[in-house]
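One structure below.
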Amino acid sequence: MTTSFLFDGPEDARVTILLAHGAGAPMDSASMNATTKALAAAGFRVARFEFGYMAGRRTEAGKKPPPKAETVMPEYVAAIDDLGPTDGPLLIGGKSMGGRVASMIADAEYEAGRIAGLVCLGYPFHPPGRPTQLRTKHLIGLKTPALICQGTRDEFGVPDEVATYGLSPEIEVKWLEDGDHDLKPRKAISGFSTADHLKTVADSVTAWVGRIAP
């Protein structure tokens, strides 16, 4: 089955970012729409796609539960195949589970020369309320340059926890003050709006790409 994409941003952009959605919301959720808009405004070409279970929710009665991340790894590889060659560097990543799946295939794709890096938006380091159930084993030896944008009050991993994980030196973490799992802050507390944080995400990706793929 051929992957269906949503495209945003300039067609002649130097860098393309391929993004997958989180476990419970589609590729055109409010969060992904807003993030994509910010990245596109920064000059990136953004391609979004859905895993089969999520695409099925659009046409089938009831909601298919999210599968284990490992089972949809081939779908992410297929999406890279279906996207085809890009004019410049290709980054892969996604929101929450989408970023996790991308991180699980990243090294093979990086070593094959098919991608330049990994961008994760709200990485699910552990399930909420279960801080010892880590999803970080493959991140310790990751060879792919990676940028994780994470809110400081993300229930899937906060700064004090992440600091103890021994993540690969190839991983940079950009912390967004008071951001939740969707990177949304409470403006009355932090002084930042969601738009502020998404602009920071886009600026951070731009600066990071300038370092890893100048």
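Chain labels follow the order of the structure tokens: the first chain is A, the next B, and so on; residue numbering restarts at 1 in every chain, and ligands are counted from 1 in their shown order.
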
Next item on the list: Pick out each residue of range 23-207 of chain A that DSSP on the backbone tags as strand (DSSP E or B); I need them as a list in words.
Entry: Arg45, Val46, Ala47, Arg48, Phe49, Leu90, Leu91, Ile92, Gly93, Gly94, Lys95, Gly117, Leu118, Val119, Cys120, Leu121, Ala146, Leu147, Ile148, Cys149, Gln150, Gly151, Ile171, Glu172, Val173, Lys174, Trp175 and Leu176 of chain A

Residues at most 10 Å from Lys187 in chain A, counting only C-alpha atoms, excluding those fewer than 6 positions away in the same chain, as a compact mmCIF listing (two decimals) with C-alpha atoms, in the first residue's frame?
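Contents of the output file selection36.txt:
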# COMPACT_ATOMS: atom_id res chain seq x y z
CA ASP A 178 6.40 24.63 31.22
CA GLY A 179 5.53 22.77 28.01
CA SER A 193 2.44 30.97 24.46
CA THR A 194 2.23 27.81 22.37
CA ASP A 196 6.24 31.13 21.17

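The closest residue to Ala69 in chain A, picked from A:Ile212, A:Ser4, A:Ser96, A:Gln150 and counting only C-alpha atoms, is A:Ser96.
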
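You will find CA of Tyr123 in chain A at 17.8 Å from CA of Asn33 in chain A.
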
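Of the listed residues A:Ala30, A:Ile189, A:Leu121, A:Ala20, the one whose atoms come nearest to Glu75 in chain A is A:Ala20, with distances taken using only C-alpha atoms.
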
Notebook entry, point to check: Got a sec to tell me which of chain A DSSP assigns to helix (DSSP H, G or I), as a VMD selection string?
Noted result: chain A and resid 30 to 41 52 to 57 69 to 83 97 to 111 137 to 140 159 to 162 187 to 190 194 to 212

Notebook entry, point to check: How many Å lie between CA of Asp81 in chain A and CA of Met27 in chain A, rounded to one decimal?
Noted result: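 Value for the CA of Asp81 in chain A-CA of Met27 in chain A distance: 18.6 Å.
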
Notebook entry, point to check: What is the CA of Pro85 in chain A-CA of Thr16 in chain A distance in Å, reported with one decimal?
Noted result: 10.2 Å

Check: Which one of A:Gly113, A:Pro124, A:Pro214, A:Gly166 sits closest to Lys137 in chain A if you count only C-alpha atoms?
Finding: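 Comparing A:Gly113, A:Pro124, A:Pro214, A:Gly166 against Lys137 in chain A, the winner is A:Gly166.
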
Residues of range 34-75 of chain A within 9 Å of range 100-107 of chain A: nearest atom pair and distance (Å, one decimal) for each, counting only C-alpha atoms, sorted by chain and number, as CSV?
residue,atom,partner,partner_atom,distance
A:Ala69,CA,A:Val101,CA,5.9
A:Glu70,CA,A:Val101,CA,7.1
A:Val72,CA,A:Val101,CA,7.4
A:Met73,CA,A:Val101,CA,6.0
A:Pro74,CA,A:Ile105,CA,8.6

Written file, previous selection with C-alpha atoms, as a short mmCIF file (atom, residue, chain, number, x, y, z; two decimals), in the first residue's frame:
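Saved file again31.cif follows:
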data_model
loop_
_atom_site.label_atom_id
_atom_site.label_comp_id
_atom_site.auth_asym_id
_atom_site.auth_seq_id
_atom_site.Cartn_x
_atom_site.Cartn_y
_atom_site.Cartn_z
CA ALA A 69 5.89 0.69 18.22
CA GLU A 70 8.07 -2.16 16.98
CA VAL A 72 5.03 -0.26 12.67
CA MET A 73 8.75 0.22 12.06
CA PRO A 74 8.43 -1.28 8.55
#
